[in-house]
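Structure data (compact mmCIF, C-alpha atoms) from target-v9.txt:
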```txt
# COMPACT_ATOMS: atom_id res chain seq x y z
CA MET O 29 157.59 -106.79 254.14
CA GLU O 30 156.28 -109.70 252.05
CA ILE O 31 152.58 -109.88 251.29
CA VAL O 32 150.84 -112.33 248.99
CA ILE O 33 148.18 -110.92 246.67
CA ALA O 34 145.37 -113.45 247.03
CA THR O 35 144.13 -113.59 243.45
CA LYS O 36 145.01 -114.98 240.03
CA ASN O 37 143.37 -111.98 238.34
CA LYS O 38 146.26 -110.26 236.56
CA GLY O 39 144.28 -107.03 236.22
CA LYS O 40 143.89 -106.78 240.01
CA ILE O 41 147.54 -107.75 240.56
CA GLY O 42 148.67 -105.01 238.19
CA GLU O 43 146.56 -102.35 239.92
CA ILE O 44 147.88 -103.32 243.35
CA ARG O 45 151.52 -103.40 242.24
CA ASP O 46 151.16 -100.09 240.40
CA HIS O 47 149.72 -98.21 243.36
CA LYS O 48 152.43 -95.73 244.34
CA ALA O 49 151.37 -95.40 247.97
CA CYS O 50 152.31 -99.03 248.60
CA SER O 51 155.98 -98.77 247.67
CA GLY O 52 158.30 -100.78 249.87
CA ILE O 53 156.16 -103.91 249.93
CA ASN O 54 157.54 -107.05 248.33
CA TRP O 55 154.42 -108.33 246.59
CA LEU O 56 154.20 -112.06 245.97
CA THR O 57 151.65 -113.58 243.57
CA PHE O 58 150.35 -116.96 242.49
CA GLU O 59 153.31 -117.16 240.10
CA ASP O 60 155.67 -117.44 243.09
CA PHE O 61 154.00 -120.62 244.34
CA GLY O 62 153.21 -124.02 242.92
CA ASP O 63 149.64 -125.32 243.06
CA PHE O 64 148.25 -121.93 244.13
CA PRO O 65 144.65 -122.80 245.02
CA GLU O 66 141.46 -121.54 243.42
CA VAL O 67 139.37 -120.28 246.34
CA GLU O 68 135.63 -120.62 245.97
CA GLU O 69 133.76 -117.42 246.78
CA THR O 70 130.85 -118.69 248.88
CA GLY O 71 130.19 -115.55 250.94
CA SER O 72 127.05 -113.43 250.76
CA SER O 73 128.97 -110.13 250.77
CA PHE O 74 132.17 -108.66 249.34
CA LEU O 75 133.69 -108.64 252.84
CA ASP O 76 132.83 -112.31 253.43
CA ASN O 77 134.50 -113.31 250.16
CA ALA O 78 137.60 -111.19 250.80
CA ILE O 79 138.07 -112.84 254.20
CA ILE O 80 137.55 -116.34 252.73
CA LYS O 81 140.23 -115.70 250.09
CA ALA O 82 142.76 -114.01 252.39
CA LYS O 83 142.45 -116.69 255.06
CA ALA O 84 142.82 -119.53 252.55
CA ILE O 85 145.85 -118.06 250.78
CA SER O 86 147.55 -117.08 254.04
CA GLY O 87 147.05 -120.63 255.28
CA PHE O 88 148.43 -122.06 252.03
CA THR O 89 151.53 -119.81 251.87
CA GLY O 90 152.17 -119.24 255.58
CA LYS O 91 152.47 -115.52 254.80
CA ALA O 92 150.28 -112.43 255.22
CA ALA O 93 147.76 -112.27 252.41
CA LEU O 94 145.91 -109.27 250.97
CA ALA O 95 142.59 -110.08 249.35
CA ASP O 96 139.80 -108.05 247.94
CA ASP O 97 136.41 -108.87 246.62
CA SER O 98 134.85 -106.29 244.44
CA GLY O 99 132.03 -105.86 242.03
CA LEU O 100 129.46 -103.66 240.41
CA ILE O 101 126.15 -102.69 241.98
CA VAL O 102 123.57 -101.36 239.52
CA ASP O 103 120.56 -99.64 241.09
CA ALA O 104 118.20 -100.31 238.18
CA LEU O 105 118.96 -104.03 238.55
CA GLY O 106 118.22 -104.12 242.27
CA GLY O 107 121.91 -104.26 243.16
CA ARG O 108 122.94 -106.92 240.66
CA PRO O 109 125.43 -108.21 239.65
CA GLY O 110 126.97 -107.60 243.12
CA VAL O 111 129.02 -110.51 244.47
CA TYR O 112 128.36 -112.37 241.21
CA SER O 113 130.03 -109.67 239.07
CA SER O 114 132.87 -111.87 237.81
CA ARG O 115 130.53 -114.74 236.93
CA TYR O 116 127.34 -112.85 236.10
CA ALA O 117 126.79 -114.63 232.78
CA GLY O 118 127.60 -117.99 234.40
CA PRO O 119 130.63 -119.95 235.66
CA GLY O 120 133.68 -119.29 233.50
CA ALA O 121 132.03 -116.35 231.73
CA THR O 122 134.31 -113.85 230.02
CA ASP O 123 134.32 -110.15 230.90
CA LYS O 124 132.63 -109.48 227.56
CA GLU O 125 129.86 -112.00 228.24
CA ASN O 126 129.22 -110.44 231.67
CA ARG O 127 129.04 -106.94 230.17
CA ASP O 128 126.74 -108.08 227.37
CA LYS O 129 124.31 -109.63 229.86
CA LEU O 130 124.27 -106.49 232.01
CA LEU O 131 123.75 -104.15 229.05
CA GLU O 132 120.93 -106.34 227.76
CA GLU O 133 119.20 -106.31 231.15
CA ILE O 134 119.43 -102.53 231.46
CA LYS O 135 118.63 -101.67 227.81
CA ASP O 136 115.13 -100.36 228.61
CA VAL O 137 116.56 -97.81 231.07
CA THR O 138 117.16 -95.12 228.46
CA GLU O 139 117.86 -92.14 230.74
CA LEU O 140 121.48 -91.94 231.89
CA SER O 141 120.38 -90.43 235.21
CA ARG O 142 118.57 -93.68 236.02
CA ARG O 143 121.59 -95.87 235.22
CA SER O 144 123.37 -95.14 238.50
CA ALA O 145 125.85 -97.69 239.76
CA ARG O 146 128.89 -98.09 241.95
CA PHE O 147 131.97 -100.23 242.14
CA VAL O 148 132.56 -101.56 245.66
CA CYS O 149 135.78 -103.10 246.94
CA SER O 150 136.18 -104.83 250.31
CA MET O 151 139.84 -105.41 251.14
CA VAL O 152 141.37 -107.35 254.02
CA LEU O 153 144.78 -108.39 255.28
CA TRP O 154 145.04 -111.79 256.96
CA ASP O 155 148.07 -112.67 259.06
CA PRO O 156 148.83 -116.39 259.56
CA ASP O 157 149.41 -115.84 263.28
CA LYS O 158 147.01 -112.99 264.16
CA GLY O 159 144.13 -113.63 261.76
CA LEU O 160 142.24 -110.62 260.40
CA VAL O 161 144.38 -107.54 261.05
CA PHE O 162 142.89 -105.03 258.60
CA LYS O 163 139.72 -104.39 256.62
CA THR O 164 138.39 -101.49 254.58
CA GLU O 165 135.94 -100.64 251.82
CA GLY O 166 136.35 -98.42 248.77
CA ILE O 167 133.44 -97.12 246.68
CA CYS O 168 133.38 -95.40 243.28
CA GLU O 169 130.04 -93.94 242.19
CA GLY O 170 129.11 -93.57 238.54
CA LYS O 171 126.79 -94.49 235.69
CA ILE O 172 126.45 -97.38 233.26
CA GLY O 173 126.89 -96.21 229.68
CA PHE O 174 125.09 -97.42 226.58
CA GLU O 175 128.12 -98.88 224.82
CA GLU O 176 131.67 -99.98 225.50
CA LYS O 177 134.34 -97.27 225.37
CA GLY O 178 138.07 -97.56 225.99
CA SER O 179 140.56 -100.41 225.97
CA GLY O 180 142.16 -100.12 229.41
CA GLY O 181 141.22 -101.84 232.63
CA PHE O 182 139.16 -105.00 232.78
CA GLY O 183 135.75 -106.28 233.83
CA TYR O 184 133.06 -103.62 233.54
CA ASP O 185 135.47 -100.67 233.23
CA CYS O 186 134.55 -99.87 229.61
CA ILE O 187 130.84 -99.37 230.40
CA PHE O 188 131.27 -97.49 233.71
CA THR O 189 131.70 -93.71 233.79
CA PRO O 190 132.84 -92.43 237.20
CA GLU O 191 130.94 -89.54 238.78
CA GLY O 192 132.33 -86.21 237.59
CA TYR O 193 133.98 -87.71 234.49
CA LYS O 194 133.04 -87.95 230.82
CA LYS O 195 135.38 -90.87 230.19
CA THR O 196 134.79 -94.48 231.16
CA MET O 197 137.10 -96.16 233.63
CA ALA O 198 138.70 -97.94 230.64
CA GLU O 199 139.58 -94.60 229.02
CA LEU O 200 141.52 -93.30 232.04
CA ASP O 201 145.24 -93.86 232.43
CA SER O 202 146.25 -96.18 235.26
CA LYS O 203 147.45 -93.36 237.54
CA GLU O 204 144.14 -91.48 237.29
CA LYS O 205 142.11 -94.67 237.66
CA ASN O 206 144.03 -95.70 240.79
CA THR O 207 143.26 -92.31 242.34
CA ILE O 208 139.48 -92.57 242.03
CA SER O 209 138.68 -96.27 241.75
CA HIS O 210 137.12 -98.40 244.46
CA ARG O 211 140.25 -100.56 244.64
CA GLY O 212 142.50 -97.51 244.58
CA LYS O 213 140.68 -95.99 247.56
CA ALA O 214 140.83 -99.26 249.50
CA LEU O 215 144.54 -99.60 248.70
CA LEU O 216 145.20 -96.08 249.96
CA ASP O 217 143.62 -97.02 253.30
CA PHE O 218 145.66 -100.22 253.36
CA CYS O 219 148.93 -98.42 252.61
CA ASP O 220 148.21 -95.88 255.36
CA PHE O 221 147.70 -98.81 257.74
CA ILE O 222 150.97 -100.48 256.68
CA VAL O 223 152.95 -97.27 257.15
CA LYS O 224 151.66 -96.91 260.71
CA ILE O 225 152.75 -100.40 261.73
```

Written form, structure tokens:
Amino acid sequence: MEIVIATKNKGKIGEIRDHKACSGINWLTFEDFGDFPEVEETGSSFLDNAIIKAKAISGFTGKAALADDSGLIVDALGGRPGVYSSRYAGPGATDKENRDKLLEEIKDVTELSRRSARFVCSMVLWDPDKGLVFKTEGICEGKIGFEEKGSGGFGYDCIFTPEGYKKTMAELDSKEKNTISHRGKALLDFCDFIVKI
């Protein structure tokens, strides 16, 4: 089975390809196609954006496309950065710039118990003939730390400590991260779905 991963984010591509439950799928990426489009995320929710991306890439490639939209929801910031997680500090912002902005905005929240947050991942599979054939959501609860720790992962991983852990997401090895992460949970649902069909 060939499925296109509808992103140019190499961190996401690596996590999807590394997920052991999805063995047997021939993953295609933007590197397998010329002029792979940049899809503008104009939705108001993670699910909206995932569908927009999957539909666009499936239409471009003529193949089934798996897309996810994910981000960080911080309670003390009223749910921000949410769907703007990857561009929180502005268009083209680096991961570091996004983290710096978030840590600055939450600096007055000095009690760890009040720095609750969660990673959310909406994932969909779009078939060029059937349209939307699968959707799911994965959530990973945790806290926002006071400083960056760890060199693994990407995005906000180095400031996010999952519930029940003392290490940040960036300090976990990829196998452990894929077991508990929002994307890992969504992928597990997706792989269960693929096995059944």

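You will find CA of Ser150 in chain O at 13.0 Å from CA of Ala34 in chain O.
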
Query raised in the report: Near range 214-216 of chain O, counting all atoms listed in the file, which residues have an atom at most 7 Å away, once you skip same-chain residues fewer than 2 positions from it, shown as JSON, numbers by chain?
Result: {"O": [49, 149, 151, 164, 165, 166, 210, 211, 212, 218, 219, 220]}

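When all atoms listed in the file are used to compute distances to Phe61 in chain O, the closest of the residues O:Val32, O:Lys40, O:Gly180, O:Ser73 turns out to be O:Val32.
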
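Nearest to Asp128 in chain O of all the residues O:Gly183, O:Gly159, O:Gly87, O:Gly106 is O:Gly183, based on only C-alpha atoms.
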
Query - Selection: 9 Å around Leu131 in chain O, all atoms listed in the file, excl. self and same-chain fewer than 2 positions, as a VMD selection string - result: chain O and resid 126 to 129 133 to 135 172 to 175 187

**Report entry** Within 9 Å of Lys81 in chain O using only C-alpha atoms, minus same-chain residues under 2 positions, as a PyMOL selection string
**Finding:** chain O and resi 34-35+66-69+76-79+83-86+93-97

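CA of Val152 in chain O sits 7.0 Å away from CA of Ala82 in chain O.
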
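The coordinates place CA of Pro109 in chain O at 10.8 Å from CA of Tyr184 in chain O.
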
Query - Top pick for closest residue to Gly90 in chain O, considering O:Gly71, O:Gly120, O:Gly170, O:Pro156 and counting all atoms listed in the file - result: O:Pro156

Show me the residues around (141.4, -97.4, 240.0) - criterion: an atom at most 12 Å away, all atoms listed in the file counted - as an mmCIF file with C-alpha atoms, in the frame of the given file.
```cif
data_model
loop_
_atom_site.group_PDB
_atom_site.id
_atom_site.type_symbol
_atom_site.label_atom_id
_atom_site.label_comp_id
_atom_site.auth_asym_id
_atom_site.auth_seq_id
_atom_site.Cartn_x
_atom_site.Cartn_y
_atom_site.Cartn_z
ATOM 1 C CA GLY O 39 144.280 -107.030 236.220
ATOM 2 C CA LYS O 40 143.890 -106.780 240.010
ATOM 3 C CA GLY O 42 148.670 -105.010 238.190
ATOM 4 C CA GLU O 43 146.560 -102.350 239.920
ATOM 5 C CA ILE O 44 147.880 -103.320 243.350
ATOM 6 C CA ARG O 45 151.520 -103.400 242.240
ATOM 7 C CA ASP O 46 151.160 -100.090 240.400
ATOM 8 C CA HIS O 47 149.720 -98.210 243.360
ATOM 9 C CA LYS O 48 152.430 -95.730 244.340
ATOM 10 C CA SER O 98 134.850 -106.290 244.440
ATOM 11 C CA PHE O 147 131.970 -100.230 242.140
ATOM 12 C CA VAL O 148 132.560 -101.560 245.660
ATOM 13 C CA CYS O 149 135.780 -103.100 246.940
ATOM 14 C CA GLY O 166 136.350 -98.420 248.770
ATOM 15 C CA ILE O 167 133.440 -97.120 246.680
ATOM 16 C CA CYS O 168 133.380 -95.400 243.280
ATOM 17 C CA GLY O 180 142.160 -100.120 229.410
ATOM 18 C CA GLY O 181 141.220 -101.840 232.630
ATOM 19 C CA PHE O 182 139.160 -105.000 232.780
ATOM 20 C CA ASP O 185 135.470 -100.670 233.230
ATOM 21 C CA PHE O 188 131.270 -97.490 233.710
ATOM 22 C CA PRO O 190 132.840 -92.430 237.200
ATOM 23 C CA THR O 196 134.790 -94.480 231.160
ATOM 24 C CA MET O 197 137.100 -96.160 233.630
ATOM 25 C CA ALA O 198 138.700 -97.940 230.640
ATOM 26 C CA GLU O 199 139.580 -94.600 229.020
ATOM 27 C CA LEU O 200 141.520 -93.300 232.040
ATOM 28 C CA ASP O 201 145.240 -93.860 232.430
ATOM 29 C CA SER O 202 146.250 -96.180 235.260
ATOM 30 C CA LYS O 203 147.450 -93.360 237.540
ATOM 31 C CA GLU O 204 144.140 -91.480 237.290
ATOM 32 C CA LYS O 205 142.110 -94.670 237.660
ATOM 33 C CA ASN O 206 144.030 -95.700 240.790
ATOM 34 C CA THR O 207 143.260 -92.310 242.340
ATOM 35 C CA ILE O 208 139.480 -92.570 242.030
ATOM 36 C CA SER O 209 138.680 -96.270 241.750
ATOM 37 C CA HIS O 210 137.120 -98.400 244.460
ATOM 38 C CA ARG O 211 140.250 -100.560 244.640
ATOM 39 C CA GLY O 212 142.500 -97.510 244.580
ATOM 40 C CA LYS O 213 140.680 -95.990 247.560
ATOM 41 C CA ALA O 214 140.830 -99.260 249.500
ATOM 42 C CA LEU O 215 144.540 -99.600 248.700
ATOM 43 C CA LEU O 216 145.200 -96.080 249.960
#
```

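Of the listed residues O:Cys186, O:Ile101, O:Leu75, O:Ala121, the one whose atoms come nearest to Phe162 in chain O is O:Leu75, with distances taken using all atoms listed in the file.
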
Query raised in the report: With all atoms listed in the file as the basis for distance, which of O:Ser144, O:Thr122, O:Thr89, O:Ser72 is at the shortest distance from Val102 in chain O?
Result: O:Ser144

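For the set O:Tyr116, O:Trp154, O:Phe88, O:Phe221, the residue with the smallest atom-to-atom gap to Phe58 in chain O is O:Phe88, counting only C-alpha atoms.
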
Taking (126.5, -108.5, 243.4) as a centre in this file's frame and 8 Å as the limit, can you find every polymer residue with an atom that close, using only C-alpha atoms, and give them as a PDB file with C-alpha atoms, keeping the file's coordinate frame?
```pdb
ATOM      1  CA  SER O  73     128.970-110.130 250.770  1.00  0.00           C
ATOM      2  CA  GLY O  99     132.030-105.860 242.030  1.00  0.00           C
ATOM      3  CA  LEU O 100     129.460-103.660 240.410  1.00  0.00           C
ATOM      4  CA  ILE O 101     126.150-102.690 241.980  1.00  0.00           C
ATOM      5  CA  GLY O 107     121.910-104.260 243.160  1.00  0.00           C
ATOM      6  CA  ARG O 108     122.940-106.920 240.660  1.00  0.00           C
ATOM      7  CA  PRO O 109     125.430-108.210 239.650  1.00  0.00           C
ATOM      8  CA  GLY O 110     126.970-107.600 243.120  1.00  0.00           C
ATOM      9  CA  VAL O 111     129.020-110.510 244.470  1.00  0.00           C
ATOM     10  CA  TYR O 112     128.360-112.370 241.210  1.00  0.00           C
ATOM     11  CA  SER O 113     130.030-109.670 239.070  1.00  0.00           C
TER      12      SER O 113
END
```

N, CA and C atoms restored at range 32-51 of chain O, emitted as a tab-separated table (two decimals), in the coordinates of the input:
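The file below, result.tsv, is the result:
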```
chain	number	residue	atom	x	y	z
O	32	VAL	N	151.35	-111.61	250.15
O	32	VAL	CA	150.84	-112.33	248.99
O	32	VAL	C	149.53	-111.69	248.53
O	33	ILE	N	149.43	-111.42	247.24
O	33	ILE	CA	148.18	-110.92	246.67
O	33	ILE	C	147.31	-112.14	246.37
O	34	ALA	N	146.19	-112.23	247.06
O	34	ALA	CA	145.37	-113.45	247.03
O	34	ALA	C	144.40	-113.47	245.86
O	35	THR	N	144.95	-113.50	244.66
O	35	THR	CA	144.13	-113.59	243.45
O	35	THR	C	144.99	-114.09	242.30
O	36	LYS	N	144.34	-114.65	241.29
O	36	LYS	CA	145.01	-114.98	240.03
O	36	LYS	C	144.62	-113.99	238.93
O	37	ASN	N	143.82	-112.99	239.29
O	37	ASN	CA	143.37	-111.98	238.34
O	37	ASN	C	144.52	-111.00	238.07
O	38	LYS	N	145.08	-111.08	236.87
O	38	LYS	CA	146.26	-110.26	236.56
O	38	LYS	C	145.94	-108.77	236.51
O	39	GLY	N	144.68	-108.43	236.20
O	39	GLY	CA	144.28	-107.03	236.22
O	39	GLY	C	144.35	-106.46	237.63
O	40	LYS	N	143.83	-107.21	238.61
O	40	LYS	CA	143.89	-106.78	240.01
O	40	LYS	C	145.34	-106.70	240.48
O	41	ILE	N	146.13	-107.73	240.14
O	41	ILE	CA	147.54	-107.75	240.56
O	41	ILE	C	148.27	-106.51	240.05
O	42	GLY	N	148.02	-106.18	238.78
O	42	GLY	CA	148.67	-105.01	238.19
O	42	GLY	C	148.29	-103.72	238.90
O	43	GLU	N	147.01	-103.56	239.24
O	43	GLU	CA	146.56	-102.35	239.92
O	43	GLU	C	147.19	-102.23	241.31
O	44	ILE	N	147.29	-103.35	242.00
O	44	ILE	CA	147.88	-103.32	243.35
O	44	ILE	C	149.36	-103.00	243.27
O	45	ARG	N	150.07	-103.64	242.37
O	45	ARG	CA	151.52	-103.40	242.24
O	45	ARG	C	151.83	-101.99	241.76
O	46	ASP	N	150.93	-101.43	240.97
O	46	ASP	CA	151.16	-100.09	240.40
O	46	ASP	C	150.83	-98.96	241.36
O	47	HIS	N	150.16	-99.27	242.46
O	47	HIS	CA	149.72	-98.21	243.36
O	47	HIS	C	150.92	-97.62	244.10
O	48	LYS	N	151.20	-96.37	243.85
O	48	LYS	CA	152.43	-95.73	244.34
O	48	LYS	C	152.50	-95.64	245.86
O	49	ALA	N	151.35	-95.56	246.52
O	49	ALA	CA	151.37	-95.40	247.97
O	49	ALA	C	151.89	-96.64	248.69
O	50	CYS	N	151.90	-97.77	247.97
O	50	CYS	CA	152.31	-99.03	248.60
O	50	CYS	C	153.75	-99.42	248.27
O	51	SER	N	154.59	-98.45	247.96
O	51	SER	CA	155.98	-98.77	247.67
O	51	SER	C	156.65	-99.31	248.93
```
